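Below is query_26.pdb, which holds PDB, C-alpha atoms, pLDDT in the B column.
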```pdb
MODEL        1
ATOM      1  CA  ALA A   1      -4.988 -28.373   9.181  1.00 58.00           C
ATOM      2  CA  SER A   2      -4.630 -28.488  12.958  1.00 67.00           C
ATOM      3  CA  VAL A   3      -7.591 -30.890  13.177  1.00 64.00           C
ATOM      4  CA  LEU A   4      -5.841 -33.168  10.684  1.00 62.00           C
ATOM      5  CA  VAL A   5      -2.548 -33.160  12.552  1.00 68.00           C
ATOM      6  CA  GLY A   6      -4.261 -33.488  15.944  1.00 69.00           C
ATOM      7  CA  SER A   7      -6.386 -36.456  14.926  1.00 67.00           C
ATOM      8  CA  LEU A   8      -3.487 -38.297  13.331  1.00 68.00           C
ATOM      9  CA  LEU A   9      -1.130 -37.603  16.241  1.00 74.00           C
ATOM     10  CA  CYS A  10      -3.754 -38.652  18.788  1.00 85.00           C
ATOM     11  CA  LYS A  11      -4.938 -41.692  16.815  1.00 84.00           C
ATOM     12  CA  LYS A  12      -3.696 -44.189  19.398  1.00 87.00           C
ATOM     13  CA  LYS A  13      -5.275 -42.209  22.261  1.00 90.00           C
ATOM     14  CA  ILE A  14      -8.604 -41.980  20.414  1.00 89.00           C
ATOM     15  CA  ILE A  15      -8.594 -45.729  19.739  1.00 91.00           C
ATOM     16  CA  THR A  16      -7.683 -46.511  23.359  1.00 92.00           C
ATOM     17  CA  THR A  17     -10.470 -44.233  24.635  1.00 92.00           C
ATOM     18  CA  ALA A  18     -13.022 -45.842  22.304  1.00 93.00           C
ATOM     19  CA  GLU A  19     -11.963 -49.325  23.386  1.00 94.00           C
ATOM     20  CA  SER A  20     -12.020 -48.567  27.108  1.00 94.00           C
ATOM     21  CA  SER A  21     -15.402 -46.836  26.825  1.00 95.00           C
ATOM     22  CA  PHE A  22     -16.852 -49.783  24.914  1.00 95.00           C
ATOM     23  CA  LYS A  23     -15.449 -52.215  27.475  1.00 95.00           C
ATOM     24  CA  GLN A  24     -17.069 -50.184  30.256  1.00 94.00           C
ATOM     25  CA  TYR A  25     -20.400 -50.040  28.405  1.00 94.00           C
ATOM     26  CA  VAL A  26     -20.361 -53.803  27.885  1.00 95.00           C
ATOM     27  CA  GLY A  27     -19.733 -54.291  31.605  1.00 92.00           C
ATOM     28  CA  GLU A  28     -22.643 -52.008  32.486  1.00 91.00           C
ATOM     29  CA  TYR A  29     -24.988 -53.281  29.742  1.00 93.00           C
ATOM     30  CA  TYR A  30     -27.552 -54.736  32.159  1.00 92.00           C
ATOM     31  CA  SER A  31     -27.063 -52.145  34.910  1.00 88.00           C
ATOM     32  CA  ASN A  32     -30.184 -50.194  35.901  1.00 83.00           C
ATOM     33  CA  GLU A  33     -28.206 -46.954  35.603  1.00 83.00           C
ATOM     34  CA  THR A  34     -27.288 -47.580  31.954  1.00 82.00           C
ATOM     35  CA  ASP A  35     -29.138 -45.386  29.466  1.00 88.00           C
ATOM     36  CA  GLU A  36     -31.051 -46.997  26.629  1.00 91.00           C
ATOM     37  CA  GLU A  37     -28.839 -45.023  24.198  1.00 92.00           C
ATOM     38  CA  VAL A  38     -25.743 -46.753  25.594  1.00 92.00           C
ATOM     39  CA  ARG A  39     -27.315 -50.181  25.087  1.00 93.00           C
ATOM     40  CA  ASP A  40     -28.379 -49.163  21.579  1.00 95.00           C
ATOM     41  CA  ALA A  41     -24.805 -48.031  20.818  1.00 94.00           C
ATOM     42  CA  VAL A  42     -23.345 -51.333  22.081  1.00 96.00           C
ATOM     43  CA  ASP A  43     -25.941 -53.249  20.069  1.00 96.00           C
ATOM     44  CA  ALA A  44     -25.125 -51.198  16.951  1.00 95.00           C
ATOM     45  CA  VAL A  45     -21.388 -51.865  17.314  1.00 96.00           C
ATOM     46  CA  GLN A  46     -21.959 -55.593  17.822  1.00 96.00           C
ATOM     47  CA  SER A  47     -24.384 -55.887  14.892  1.00 95.00           C
ATOM     48  CA  THR A  48     -22.263 -53.790  12.543  1.00 95.00           C
ATOM     49  CA  LEU A  49     -18.904 -55.349  13.380  1.00 96.00           C
ATOM     50  CA  GLU A  50     -20.432 -58.833  13.835  1.00 96.00           C
ATOM     51  CA  CYS A  51     -18.901 -59.376  17.256  1.00 96.00           C
ATOM     52  CA  CYS A  52     -20.056 -59.821  20.836  1.00 97.00           C
ATOM     53  CA  GLY A  53     -18.876 -58.151  24.031  1.00 96.00           C
ATOM     54  CA  TYR A  54     -15.388 -56.780  24.449  1.00 97.00           C
ATOM     55  CA  GLU A  55     -13.445 -60.033  24.810  1.00 96.00           C
ATOM     56  CA  GLY A  56     -16.302 -62.299  23.722  1.00 95.00           C
ATOM     57  CA  ALA A  57     -19.830 -63.454  24.499  1.00 94.00           C
ATOM     58  CA  GLY A  58     -18.632 -64.524  27.958  1.00 93.00           C
ATOM     59  CA  ASP A  59     -18.500 -60.843  28.960  1.00 95.00           C
ATOM     60  CA  TYR A  60     -22.267 -60.995  29.517  1.00 94.00           C
ATOM     61  CA  SER A  61     -24.291 -62.785  32.172  1.00 90.00           C
ATOM     62  CA  ALA A  62     -27.068 -62.970  29.561  1.00 92.00           C
ATOM     63  CA  VAL A  63     -25.919 -62.475  25.977  1.00 94.00           C
ATOM     64  CA  PRO A  64     -27.879 -59.741  24.125  1.00 95.00           C
ATOM     65  CA  VAL A  65     -29.651 -60.610  20.893  1.00 95.00           C
ATOM     66  CA  SER A  66     -27.437 -58.109  19.036  1.00 96.00           C
ATOM     67  CA  CYS A  67     -24.796 -60.869  19.199  1.00 96.00           C
ATOM     68  CA  CYS A  68     -26.880 -62.874  16.728  1.00 95.00           C
ATOM     69  CA  GLU A  69     -26.817 -62.383  12.979  1.00 94.00           C
ATOM     70  CA  LYS A  70     -30.544 -63.191  12.681  1.00 93.00           C
ATOM     71  CA  ASP A  71     -33.356 -61.188  14.244  1.00 91.00           C
ATOM     72  CA  VAL A  72     -34.412 -63.290  17.247  1.00 92.00           C
ATOM     73  CA  ALA A  73     -36.166 -62.593  20.537  1.00 91.00           C
ATOM     74  CA  THR A  74     -33.598 -64.294  22.784  1.00 90.00           C
ATOM     75  CA  TRP A  75     -29.995 -65.501  22.570  1.00 90.00           C
ATOM     76  CA  GLU A  76     -31.140 -69.076  23.088  1.00 92.00           C
ATOM     77  CA  GLU A  77     -33.220 -68.869  19.883  1.00 93.00           C
ATOM     78  CA  CYS A  78     -30.121 -67.908  17.895  1.00 93.00           C
ATOM     79  CA  ALA A  79     -28.732 -70.819  15.888  1.00 94.00           C
ATOM     80  CA  GLN A  80     -25.139 -71.744  16.735  1.00 93.00           C
ATOM     81  CA  ALA A  81     -23.963 -70.807  13.215  1.00 94.00           C
ATOM     82  CA  ASP A  82     -25.535 -67.320  13.523  1.00 95.00           C
ATOM     83  CA  ARG A  83     -23.902 -66.380  16.845  1.00 95.00           C
ATOM     84  CA  PHE A  84     -21.174 -63.772  17.079  1.00 95.00           C
ATOM     85  CA  THR A  85     -18.876 -65.171  19.731  1.00 90.00           C
ATOM     86  CA  GLU A  86     -15.670 -63.287  18.979  1.00 94.00           C
ATOM     87  CA  GLY A  87     -15.135 -60.116  21.004  1.00 96.00           C
ATOM     88  CA  CYS A  88     -15.300 -56.636  19.485  1.00 96.00           C
ATOM     89  CA  LYS A  89     -11.888 -55.546  20.770  1.00 95.00           C
ATOM     90  CA  ASP A  90      -9.924 -56.200  17.566  1.00 94.00           C
ATOM     91  CA  GLN A  91     -12.680 -55.154  15.161  1.00 94.00           C
ATOM     92  CA  LEU A  92     -13.303 -51.950  17.121  1.00 94.00           C
ATOM     93  CA  HIS A  93      -9.580 -51.125  17.079  1.00 93.00           C
ATOM     94  CA  LYS A  94      -9.432 -51.574  13.308  1.00 95.00           C
ATOM     95  CA  PHE A  95     -12.727 -49.771  12.654  1.00 94.00           C
ATOM     96  CA  VAL A  96     -11.868 -46.677  14.724  1.00 92.00           C
ATOM     97  CA  GLY A  97      -8.362 -46.588  13.224  1.00 90.00           C
ATOM     98  CA  ASP A  98      -9.793 -46.777   9.701  1.00 91.00           C
ATOM     99  CA  VAL A  99     -12.308 -43.995  10.449  1.00 91.00           C
ATOM    100  CA  ILE A 100      -9.541 -41.733  11.773  1.00 87.00           C
ATOM    101  CA  THR A 101      -7.398 -42.453   8.720  1.00 87.00           C
ATOM    102  CA  LEU A 102     -10.325 -41.722   6.397  1.00 89.00           C
ATOM    103  CA  PHE A 103     -11.039 -38.524   8.329  1.00 86.00           C
ATOM    104  CA  GLY A 104      -7.397 -37.523   7.906  1.00 83.00           C
ATOM    105  CA  VAL A 105      -7.481 -38.192   4.164  1.00 86.00           C
ATOM    106  CA  VAL A 106     -10.682 -36.147   3.713  1.00 88.00           C
ATOM    107  CA  ILE A 107      -9.374 -33.226   5.778  1.00 85.00           C
ATOM    108  CA  GLY A 108      -6.010 -33.428   4.000  1.00 85.00           C
ATOM    109  CA  PHE A 109      -7.725 -33.330   0.617  1.00 89.00           C
ATOM    110  CA  ALA A 110      -9.820 -30.324   1.722  1.00 89.00           C
ATOM    111  CA  VAL A 111      -6.680 -28.473   2.864  1.00 86.00           C
ATOM    112  CA  LEU A 112      -4.952 -29.298  -0.428  1.00 90.00           C
ATOM    113  CA  LEU A 113      -7.982 -28.059  -2.380  1.00 93.00           C
ATOM    114  CA  ASP A 114      -7.969 -24.814  -0.360  1.00 92.00           C
ATOM    115  CA  LEU A 115      -4.263 -24.291  -1.115  1.00 92.00           C
ATOM    116  CA  VAL A 116      -4.753 -24.926  -4.829  1.00 93.00           C
ATOM    117  CA  SER A 117      -7.666 -22.447  -4.857  1.00 93.00           C
ATOM    118  CA  LEU A 118      -5.607 -19.867  -2.972  1.00 92.00           C
ATOM    119  CA  PHE A 119      -2.641 -20.160  -5.330  1.00 90.00           C
ATOM    120  CA  GLY A 120      -5.013 -20.053  -8.298  1.00 91.00           C
ATOM    121  CA  ALA A 121      -6.529 -16.820  -7.031  1.00 90.00           C
ATOM    122  CA  PHE A 122      -3.058 -15.302  -6.556  1.00 87.00           C
ATOM    123  CA  TYR A 123      -2.088 -16.386 -10.066  1.00 88.00           C
ATOM    124  CA  VAL A 124      -5.200 -14.846 -11.616  1.00 87.00           C
ATOM    125  CA  LYS A 125      -4.738 -11.603  -9.660  1.00 84.00           C
ATOM    126  CA  LYS A 126      -1.063 -11.330 -10.648  1.00 85.00           C
ATOM    127  CA  ASN A 127      -1.640 -12.104 -14.323  1.00 85.00           C
ATOM    128  CA  SER A 128      -4.834 -10.177 -14.962  1.00 81.00           C
ATOM    129  CA  PRO A 129      -4.571  -6.952 -16.934  1.00 80.00           C
ATOM    130  CA  LYS A 130      -4.620  -3.719 -15.013  1.00 75.00           C
ATOM    131  CA  TYR A 131      -7.516  -1.429 -15.666  1.00 68.00           C
ATOM    132  CA  ASP A 132      -8.647   1.959 -14.470  1.00 64.00           C
ATOM    133  CA  HIS A 133     -11.771   2.267 -12.440  1.00 66.00           C
ATOM    134  CA  LEU A 134     -14.482   4.455 -13.859  1.00 63.00           C
ATOM    135  CA  ALA A 135     -15.164   7.441 -11.688  1.00 55.00           C
TER     136      ALA A 135
ENDMDL
END
```
Take the structure in the file and write it out as structure tokens.
Amino acid sequence: ASVLVGSLLCKKKIITTAESSFKQYVGEYYSNETDEEVRDAVDAVQSTLECCGYEGAGDYSAVPVSCCEKDVATWEECAQADRFTEGCKDQLHKFVGDVITLFGVVIGFAVLLDLVSLFGAFYVKKNSPKYDHLA
């Protein structure tokens, strides 16, 4: 229950942290210090949410191919109609918010199910016939 309350109360903070981290990762996308996993995560977000960069494709000095709907080798090979040019900021905000809400609903349902089970067990215990134990 505390996880449910905590996640819902901190929803704005979680979204803000996700957005600022993504913005930082976009800025460091071509840095030599950036791990391959970070690039893969940025690429996955862009491909999944069909967006590019944080504010838009202009966030990159060289736009990654994950900003293209089709599987191409370079950004230049991507047809104009297949390019994701809108930034991920708004889509990321909505996506993370929806995930937190879904998480809250699932946890809330689990807590409700636990309470129903607990009250059911109390009901059965209270209403079951008494019997003597065999010695």
Review point. From the set A:Cys10, A:Val116, A:Leu49, A:Val111, which residue has the shortest atom-to-atom contact distance to Gln91 of chain A, counting only C-alpha atoms?
Key: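 Among the listed residues, the smallest separation from Gln91 of chain A belongs to A:Leu49.
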**Study point:** Å distance separating atom CA of Lys12 of chain A from atom CA of Gly104 of chain A, one decimal place
**Key:**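 Answer for the atom CA of Lys12 of chain A to atom CA of Gly104 of chain A separation: 13.8 Å.
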Point to revise | Nearest to Ser66 of chain A, chosen from A:Val42, A:Ala79, A:Val105, A:Cys88, with all atoms listed in the file counted in the distances | key: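 Counting all atoms listed in the file, the residue closest to Ser66 of chain A is A:Val42.
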Check your understanding: Using only C-alpha atoms, which residue out of A:Leu92, A:Ala62, A:Ala121, A:Val26 lies closest to Thr48 of chain A?
Key ->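 Answer, going by the shortest atom-to-atom distance: A:Leu92.
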Check your understanding: Can you list, as an NGL selection string, the residues that the PyMOL selection byres ((chain A and resi 57) around 12) selects here?
Key -> :A and (26-27 or 46 or 50-56 or 58-68 or 75 or 83-89)
Filtering to C-alpha atoms, could you give me those residues as an mmCIF file, in the frame of the given file?
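Below you can see part-v7.cif, which holds the result:
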```cif
data_model
loop_
_atom_site.group_PDB
_atom_site.id
_atom_site.type_symbol
_atom_site.label_atom_id
_atom_site.label_comp_id
_atom_site.auth_asym_id
_atom_site.auth_seq_id
_atom_site.Cartn_x
_atom_site.Cartn_y
_atom_site.Cartn_z
ATOM 1 C CA VAL A 26 -20.361 -53.803 27.885
ATOM 2 C CA GLY A 27 -19.733 -54.291 31.605
ATOM 3 C CA GLN A 46 -21.959 -55.593 17.822
ATOM 4 C CA GLU A 50 -20.432 -58.833 13.835
ATOM 5 C CA CYS A 51 -18.901 -59.376 17.256
ATOM 6 C CA CYS A 52 -20.056 -59.821 20.836
ATOM 7 C CA GLY A 53 -18.876 -58.151 24.031
ATOM 8 C CA TYR A 54 -15.388 -56.780 24.449
ATOM 9 C CA GLU A 55 -13.445 -60.033 24.810
ATOM 10 C CA GLY A 56 -16.302 -62.299 23.722
ATOM 11 C CA GLY A 58 -18.632 -64.524 27.958
ATOM 12 C CA ASP A 59 -18.500 -60.843 28.960
ATOM 13 C CA TYR A 60 -22.267 -60.995 29.517
ATOM 14 C CA SER A 61 -24.291 -62.785 32.172
ATOM 15 C CA ALA A 62 -27.068 -62.970 29.561
ATOM 16 C CA VAL A 63 -25.919 -62.475 25.977
ATOM 17 C CA PRO A 64 -27.879 -59.741 24.125
ATOM 18 C CA VAL A 65 -29.651 -60.610 20.893
ATOM 19 C CA SER A 66 -27.437 -58.109 19.036
ATOM 20 C CA CYS A 67 -24.796 -60.869 19.199
ATOM 21 C CA CYS A 68 -26.880 -62.874 16.728
ATOM 22 C CA TRP A 75 -29.995 -65.501 22.570
ATOM 23 C CA ARG A 83 -23.902 -66.380 16.845
ATOM 24 C CA PHE A 84 -21.174 -63.772 17.079
ATOM 25 C CA THR A 85 -18.876 -65.171 19.731
ATOM 26 C CA GLU A 86 -15.670 -63.287 18.979
ATOM 27 C CA GLY A 87 -15.135 -60.116 21.004
ATOM 28 C CA CYS A 88 -15.300 -56.636 19.485
ATOM 29 C CA LYS A 89 -11.888 -55.546 20.770
#
```
Check your understanding: Any chance you could work out the residue set of the PyMOL selection byres ((chain A and resi 101) around 12) here, as a list in words?
Key ->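 Those residues are Leu4, Val5, Gly6, Ser7, Leu8, Leu9, Cys10, Lys11, Lys12, Ile14, Ile15, Lys94, Phe95, Val96, Gly97, Asp98, Val99, Ile100, Leu102, Phe103, Gly104, Val105, Val106, Ile107 and Gly108 of chain A.
Note that the spacing between atom CA of Tyr29 of chain A and atom CA of Asp43 of chain A amounts to 9.7 Å.
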Practice item. Figure out the distance between atom CA of Glu69 of chain A and atom CA of Gln24 of chain A, please, to one decimal in Å. Key: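 Result for atom CA of Gln24 of chain A versus atom CA of Glu69 of chain A: 23.3 Å, one decimal.
Closest to Lys70 of chain A among A:Phe119, A:Ala18, A:Glu36, A:Ser47 is A:Ser47, based on all atoms listed in the file.
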